[in-house]
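What follows is the content of my_file_12.pdb, which has PDB, C-alpha atoms:
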```
ATOM      1  CA  SER A  17      35.089  44.250   9.704
ATOM      2  CA  LEU A  18      33.362  43.673  13.015
ATOM      3  CA  ALA A  19      30.004  44.768  11.607
ATOM      4  CA  THR A  20      30.268  42.329   8.683
ATOM      5  CA  PHE A  21      31.294  39.478  10.955
ATOM      6  CA  SER A  22      28.446  40.253  13.370
ATOM      7  CA  ALA A  23      25.897  40.334  10.547
ATOM      8  CA  LYS A  24      27.172  37.021   9.181
ATOM      9  CA  LEU A  25      27.054  35.440  12.624
ATOM     10  CA  ALA A  26      23.512  36.727  13.163
ATOM     11  CA  LEU A  27      22.300  35.238   9.862
ATOM     12  CA  LEU A  28      23.834  31.867  10.688
ATOM     13  CA  MET A  29      22.397  31.896  14.209
ATOM     14  CA  VAL A  30      18.890  32.709  12.975
ATOM     15  CA  SER A  31      19.176  30.005  10.290
ATOM     16  CA  ALA A  32      20.202  27.427  12.883
ATOM     17  CA  GLY A  33      17.411  28.598  15.183
ATOM     18  CA  LEU A  34      14.799  28.080  12.464
ATOM     19  CA  LEU A  35      16.057  24.559  11.806
ATOM     20  CA  MET A  36      15.981  23.737  15.506
ATOM     21  CA  ALA A  37      12.463  25.186  15.718
ATOM     22  CA  ALA A  38      11.402  22.847  12.915
ATOM     23  CA  GLY A  39      12.992  19.963  14.798
ATOM     24  CA  HIS A  40      11.203  20.906  17.991
ATOM     25  CA  ARG A  41       7.836  21.177  16.253
ATOM     26  CA  ARG A  42       8.416  17.732  14.776
ATOM     27  CA  ALA A  43       9.806  15.741  17.674
ATOM     28  CA  GLY A  44      10.263  17.963  20.701
ATOM     29  CA  TYR A  45      13.654  18.180  22.318
ATOM     30  CA  ARG A  46      14.826  15.030  20.544
ATOM     31  CA  GLY A  47      14.405  16.920  17.294
ATOM     32  CA  VAL A  48      16.364  19.883  18.635
ATOM     33  CA  ALA A  49      19.152  17.566  19.761
ATOM     34  CA  LEU A  50      19.425  15.813  16.394
ATOM     35  CA  VAL A  51      19.368  19.057  14.421
ATOM     36  CA  SER A  52      22.082  20.433  16.703
ATOM     37  CA  VAL A  53      24.225  17.343  16.136
ATOM     38  CA  LEU A  54      23.786  17.640  12.353
ATOM     39  CA  LEU A  55      24.716  21.314  12.391
ATOM     40  CA  ILE A  56      27.827  20.716  14.466
ATOM     41  CA  ALA A  57      28.824  17.660  12.419
ATOM     42  CA  GLY A  58      28.637  19.721   9.232
ATOM     43  CA  LEU A  59      30.918  22.519  10.452
ATOM     44  CA  PRO A  60      34.241  21.044   9.206
ATOM     45  CA  GLY A  61      32.946  20.657   5.678
ATOM     46  CA  GLU A  62      30.643  23.657   5.398
ATOM     47  CA  ARG A  63      32.493  26.494   7.096
ATOM     48  CA  PHE A  64      34.589  27.271   3.987
ATOM     49  CA  ARG A  65      31.328  28.189   2.200
ATOM     50  CA  TRP A  66      30.382  30.808   4.781
ATOM     51  CA  SER A  67      32.123  33.845   3.360
ATOM     52  CA  ALA A  68      30.386  37.190   3.850
ATOM     53  CA  ARG A  69      28.354  37.122   0.648
ATOM     54  CA  PRO A  70      24.604  37.322  -0.161
ATOM     55  CA  GLN A  71      24.517  33.520  -0.322
ATOM     56  CA  LEU A  72      24.133  33.561   3.463
ATOM     57  CA  PHE A  73      20.619  34.873   2.944
ATOM     58  CA  GLY A  74      20.004  31.667   1.015
ATOM     59  CA  LEU A  75      20.768  29.658   4.151
ATOM     60  CA  LEU A  76      18.338  31.811   6.119
ATOM     61  CA  PHE A  77      15.481  31.471   3.641
ATOM     62  CA  ALA A  78      16.099  27.751   3.104
ATOM     63  CA  SER A  79      15.844  27.215   6.864
ATOM     64  CA  LEU A  80      12.602  29.199   6.914
ATOM     65  CA  TYR A  81      11.272  27.023   4.086
ATOM     66  CA  VAL A  82      12.053  23.832   6.009
ATOM     67  CA  LEU A  83       9.983  25.143   8.913
ATOM     68  CA  GLY A  84       7.208  26.506   6.701
ATOM     69  CA  LEU A  85       6.884  23.397   4.545
ATOM     70  CA  ARG A  86       6.668  21.303   7.686
ATOM     71  CA  GLU A  87       3.688  23.393   8.768
ATOM     72  CA  LEU A  88       1.985  23.062   5.380
ATOM     73  CA  LEU A  89       2.467  19.284   5.405
ATOM     74  CA  LEU A  90       0.305  18.981   8.489
ATOM     75  CA  PRO A  91      -3.422  19.769   8.754
ATOM     76  CA  ARG A  92      -3.878  23.393   9.803
ATOM     77  CA  SER A  93      -6.720  25.872   9.869
ATOM     78  CA  ARG A  94      -7.354  27.723   6.625
ATOM     79  CA  ARG A  95      -6.268  30.975   8.235
ATOM     80  CA  THR A  96      -2.947  29.497   9.411
ATOM     81  CA  THR A  97      -2.331  27.883   6.031
ATOM     82  CA  TRP A  98      -2.886  31.129   4.150
ATOM     83  CA  ALA A  99      -0.703  33.000   6.625
ATOM     84  CA  TRP A 100       2.189  30.621   5.874
ATOM     85  CA  LEU A 101       1.517  30.831   2.129
ATOM     86  CA  ALA A 102       1.589  34.627   2.232
ATOM     87  CA  GLY A 103       4.671  34.709   4.436
ATOM     88  CA  LEU A 104       6.667  32.245   2.319
ATOM     89  CA  THR A 105       5.655  34.043  -0.878
ATOM     90  CA  LEU A 106       6.884  37.346   0.538
ATOM     91  CA  ALA A 107      10.065  35.619   1.701
ATOM     92  CA  HIS A 108      10.586  34.279  -1.805
ATOM     93  CA  VAL A 109      10.343  37.770  -3.285
ATOM     94  CA  CYS A 110      13.064  38.877  -0.866
ATOM     95  CA  TRP A 111      15.162  35.789  -1.646
ATOM     96  CA  VAL A 112      14.916  36.410  -5.409
ATOM     97  CA  ASN A 113      16.225  39.940  -4.986
ATOM     98  CA  LEU A 114      19.054  38.958  -2.634
ATOM     99  CA  HIS A 115      20.672  35.866  -4.172
ATOM    100  CA  GLY A 116      20.342  33.390  -7.030
ATOM    101  CA  SER A 117      19.982  30.489  -4.612
ATOM    102  CA  HIS A 118      16.225  31.165  -4.651
ATOM    103  CA  LEU A 119      16.086  28.253  -7.098
ATOM    104  CA  PHE A 120      16.724  26.015  -4.096
ATOM    105  CA  GLY A 121      13.498  27.305  -2.581
ATOM    106  CA  LEU A 122      11.597  26.153  -5.660
ATOM    107  CA  LEU A 123      13.387  22.803  -5.408
ATOM    108  CA  LEU A 124      12.344  22.378  -1.779
ATOM    109  CA  ILE A 125       8.719  23.112  -2.635
ATOM    110  CA  GLY A 126       8.866  20.734  -5.595
ATOM    111  CA  CYS A 127      10.309  17.929  -3.453
ATOM    112  CA  ALA A 128       7.626  18.417  -0.806
ATOM    113  CA  LEU A 129       4.948  18.479  -3.498
ATOM    114  CA  GLY A 130       6.235  15.280  -5.091
ATOM    115  CA  CYS A 131       6.248  13.477  -1.754
ATOM    116  CA  ALA A 132       2.711  14.603  -0.905
ATOM    117  CA  LEU A 133       0.927  13.745  -4.160
ATOM    118  CA  ARG A 134      -1.353  11.262  -2.380
ATOM    119  CA  GLU A 135      -2.123  13.612   0.499
ATOM    120  CA  ARG A 136      -4.696  16.104  -0.787
ATOM    121  CA  THR A 137      -4.740  18.112   2.440
ATOM    122  CA  ALA A 138      -1.013  18.798   1.968
ATOM    123  CA  TRP A 139      -0.878  18.759  -1.846
ATOM    124  CA  VAL A 140      -3.263  21.661  -2.409
ATOM    125  CA  PRO A 141      -1.391  24.257  -0.273
ATOM    126  CA  LEU A 142       1.966  23.049  -1.597
ATOM    127  CA  ALA A 143       0.812  23.355  -5.217
ATOM    128  CA  THR A 144      -0.520  26.812  -4.407
ATOM    129  CA  LEU A 145       2.807  27.773  -2.834
ATOM    130  CA  LEU A 146       4.742  26.549  -5.875
ATOM    131  CA  ALA A 147       2.555  28.647  -8.187
ATOM    132  CA  LEU A 148       2.960  31.707  -5.957
ATOM    133  CA  ALA A 149       6.733  31.153  -5.701
ATOM    134  CA  LEU A 150       7.054  30.954  -9.493
ATOM    135  CA  ILE A 151       5.218  34.259  -9.793
ATOM    136  CA  ALA A 152       7.360  35.723  -6.995
ATOM    137  CA  SER A 153      10.471  34.591  -8.897
ATOM    138  CA  CYS A 154       9.644  37.210 -11.526
ATOM    139  CA  VAL A 155       9.162  40.078  -9.059
ATOM    140  CA  SER A 156      12.406  41.991  -9.464
ATOM    141  CA  PRO A 157      13.765  44.905 -11.510
ATOM    142  CA  TYR A 158      14.709  42.330 -14.162
ATOM    143  CA  GLY A 159      11.334  40.603 -14.341
ATOM    144  CA  PRO A 160      11.357  36.951 -15.534
ATOM    145  CA  ASP A 161      14.950  37.370 -16.781
ATOM    146  CA  ILE A 162      16.243  36.935 -13.241
ATOM    147  CA  LEU A 163      14.735  33.444 -13.111
ATOM    148  CA  ARG A 164      16.096  32.506 -16.536
ATOM    149  CA  GLY A 165      19.487  33.932 -15.606
ATOM    150  CA  SER A 166      19.643  31.918 -12.388
ATOM    151  CA  ILE A 167      18.873  28.707 -14.281
ATOM    152  CA  ALA A 168      21.565  29.568 -16.841
ATOM    153  CA  HIS A 169      24.085  30.000 -14.003
ATOM    154  CA  VAL A 170      23.321  26.498 -12.779
ATOM    155  CA  PHE A 171      23.883  24.769 -16.111
ATOM    156  CA  ASP A 172      26.697  26.918 -17.500
ATOM    157  CA  PRO A 173      30.050  25.486 -16.277
ATOM    158  CA  ALA A 174      31.777  28.803 -16.970
ATOM    159  CA  TYR A 175      30.097  30.377 -13.948
ATOM    160  CA  ARG A 176      31.238  27.641 -11.578
ATOM    161  CA  ALA A 177      34.896  28.568 -12.017
ATOM    162  CA  LEU A 178      34.355  32.186 -10.978
ATOM    163  CA  ILE A 179      34.129  31.563  -7.232
ATOM    164  CA  ASP A 180      35.721  28.730  -5.251
ATOM    165  CA  GLU A 181      32.547  28.182  -3.231
ATOM    166  CA  TRP A 182      30.623  27.278  -6.392
ATOM    167  CA  GLN A 183      33.005  24.541  -7.398
ATOM    168  CA  ALA A 184      32.437  20.869  -6.731
ATOM    169  CA  TRP A 185      33.920  19.116  -3.732
ATOM    170  CA  LYS A 186      37.479  17.833  -4.212
ATOM    171  CA  PRO A 187      39.175  14.892  -2.432
ATOM    172  CA  SER A 188      41.709  17.364  -1.026
ATOM    173  CA  GLN A 189      38.939  19.073   0.947
ATOM    174  CA  SER A 190      37.306  17.866   4.137
ATOM    175  CA  PRO A 191      35.547  14.482   3.678
ATOM    176  CA  TRP A 192      32.897  15.622   6.148
ATOM    177  CA  TYR A 193      31.133  17.744   3.530
ATOM    178  CA  PRO A 194      29.906  14.936   1.202
ATOM    179  CA  VAL A 195      29.177  12.632   4.147
ATOM    180  CA  VAL A 196      27.068  15.165   6.010
ATOM    181  CA  PHE A 197      25.449  16.310   2.764
ATOM    182  CA  VAL A 198      24.167  12.792   2.060
ATOM    183  CA  TRP A 199      23.101  12.373   5.688
ATOM    184  CA  GLN A 200      21.198  15.668   5.808
ATOM    185  CA  SER A 201      19.656  15.101   2.371
ATOM    186  CA  ALA A 202      18.302  11.740   3.509
ATOM    187  CA  LEU A 203      16.715  13.286   6.598
ATOM    188  CA  LEU A 204      15.296  16.143   4.529
ATOM    189  CA  GLY A 205      13.712  13.575   2.238
ATOM    190  CA  LEU A 206      12.110  11.910   5.244
ATOM    191  CA  ALA A 207      10.853  15.295   6.410
ATOM    192  CA  LEU A 208       9.013  15.808   3.143
ATOM    193  CA  TRP A 209       7.581  12.302   2.866
ATOM    194  CA  PRO A 210       4.115  11.965   4.435
ATOM    195  CA  GLN A 211       3.405   8.849   6.466
ATOM    196  CA  ARG A 212      -0.149   7.554   6.688
ATOM    197  CA  ARG A 213      -0.814   7.573  10.362
ATOM    198  CA  THR A 214      -2.722   9.709  12.821
ATOM    199  CA  ARG A 215       0.100  11.943  13.925
ATOM    200  CA  GLY A 216       3.093  13.363  12.154
ATOM    201  CA  PHE A 217       5.226  12.146   9.294
ATOM    202  CA  ALA A 218       8.189   9.878   8.749
ATOM    203  CA  PHE A 219      10.579  12.509  10.081
ATOM    204  CA  ASP A 220       9.225  11.779  13.562
ATOM    205  CA  ALA A 221      10.825   8.331  13.362
ATOM    206  CA  ALA A 222      14.061   9.794  11.991
ATOM    207  CA  TYR A 223      14.297  12.211  14.909
ATOM    208  CA  SER A 224      13.720   9.347  17.331
ATOM    209  CA  ILE A 225      16.893   7.507  16.264
TER     210      ILE A 225
END
```
Would you put the structure from the file into structure tokens?
Amino acid sequence: SLATFSAKLALLMVSAGLLMAAGHRRAGYRGVALVSVLLIAGLPGERFRWSARPQLFGLLFASLYVLGLRELLLPRSRRTTWAWLAGLTLAHVCWVNLHGSHLFGLLLIGCALGCALRERTAWVPLATLLALALIASCVSPYGPDILRGSIAHVFDPAYRALIDEWQAWKPSQSPWYPVVFVWQSALLGLALWPQRRTRGFAFDAAYSI
């Protein structure tokens, strides 16, 4: 229906806007340009995963996490840091109750935490966020079972055959998907890897390419 299509389009637009905002905060308009190129380049391989299902909320929250983790990786005032921690924790509660992809949020936090182990100013808020997110993962009508159930879905191959979008990429599908996935994963890794210099992190250099 038109309402469903409009809602799906709105979620995708907001998700893209959050990613471009993260790019702008990192490297100005060069960051916006690169994020835009990555989003457009991924369309041929990703569009078949954009059916009108709750998984679209996962894209929205993941984009918010990219922006929020970027803020926590940089020195901020205590008030700003706690505002982001509270906001991301609340977002995680919503994510848990909307779609099982909330595990990806925990993965993003874990990756950022692993990359910032030597940066105490970033490690402390990230460790705090991970603890809060784990607690938030149990805030649902099902309690901790929703977290255990989501993990079981990931490792049980029987669930992957239920929906086409959950299945692995096949050579008969667009080759853009694995290519762009590797490309975007590499840039995400750079985004979460602190660089010891006065300003910014390694993602600044990546956005300057």
- List the residues selected by the PyMOL selection byres ((chain A and resi 151) around 12) in the file shown, writing them as a PyMOL selection string. chain A and resi 105-106+108-109+112+122+144-150+152-156+159-160+162-163
- Would you mind telling me which residue in A:Met29, A:Leu18, A:Ala102, A:Leu89 lies nearest to Leu133 in chain A when using all atoms listed in the file?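 Nearest candidate to Leu133 in chain A out of A:Met29, A:Leu18, A:Ala102, A:Leu89: A:Leu89.
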- Task: Identify, on the basis of only C-alpha atoms, every residue whose closest approach to Trp100 in chain A does not exceed 12 Å; exclude the query and any residue fewer than 3 positions from it along the same chain; express the result as a VMD selection string.
- Result: chain A and resid 80 to 89 92 to 97 103 to 108 141 to 142 144 to 145 148
Would you save the residues of that selection, restricted to C-alpha atoms, as a PDB file, in the coordinates of the input?
```pdb
ATOM      1  CA  LEU A  80      12.602  29.199   6.914  1.00  0.00           C
ATOM      2  CA  TYR A  81      11.272  27.023   4.086  1.00  0.00           C
ATOM      3  CA  VAL A  82      12.053  23.832   6.009  1.00  0.00           C
ATOM      4  CA  LEU A  83       9.983  25.143   8.913  1.00  0.00           C
ATOM      5  CA  GLY A  84       7.208  26.506   6.701  1.00  0.00           C
ATOM      6  CA  LEU A  85       6.884  23.397   4.545  1.00  0.00           C
ATOM      7  CA  ARG A  86       6.668  21.303   7.686  1.00  0.00           C
ATOM      8  CA  GLU A  87       3.688  23.393   8.768  1.00  0.00           C
ATOM      9  CA  LEU A  88       1.985  23.062   5.380  1.00  0.00           C
ATOM     10  CA  LEU A  89       2.467  19.284   5.405  1.00  0.00           C
ATOM     11  CA  ARG A  92      -3.878  23.393   9.803  1.00  0.00           C
ATOM     12  CA  SER A  93      -6.720  25.872   9.869  1.00  0.00           C
ATOM     13  CA  ARG A  94      -7.354  27.723   6.625  1.00  0.00           C
ATOM     14  CA  ARG A  95      -6.268  30.975   8.235  1.00  0.00           C
ATOM     15  CA  THR A  96      -2.947  29.497   9.411  1.00  0.00           C
ATOM     16  CA  THR A  97      -2.331  27.883   6.031  1.00  0.00           C
ATOM     17  CA  GLY A 103       4.671  34.709   4.436  1.00  0.00           C
ATOM     18  CA  LEU A 104       6.667  32.245   2.319  1.00  0.00           C
ATOM     19  CA  THR A 105       5.655  34.043  -0.878  1.00  0.00           C
ATOM     20  CA  LEU A 106       6.884  37.346   0.538  1.00  0.00           C
ATOM     21  CA  ALA A 107      10.065  35.619   1.701  1.00  0.00           C
ATOM     22  CA  HIS A 108      10.586  34.279  -1.805  1.00  0.00           C
ATOM     23  CA  PRO A 141      -1.391  24.257  -0.273  1.00  0.00           C
ATOM     24  CA  LEU A 142       1.966  23.049  -1.597  1.00  0.00           C
ATOM     25  CA  THR A 144      -0.520  26.812  -4.407  1.00  0.00           C
ATOM     26  CA  LEU A 145       2.807  27.773  -2.834  1.00  0.00           C
ATOM     27  CA  LEU A 148       2.960  31.707  -5.957  1.00  0.00           C
TER      28      LEU A 148
END
```
- Message: Please compute the CA of Val51 in chain A-CA of Val140 in chain A distance, one decimal, in Å.
- Response: 28.3 Å
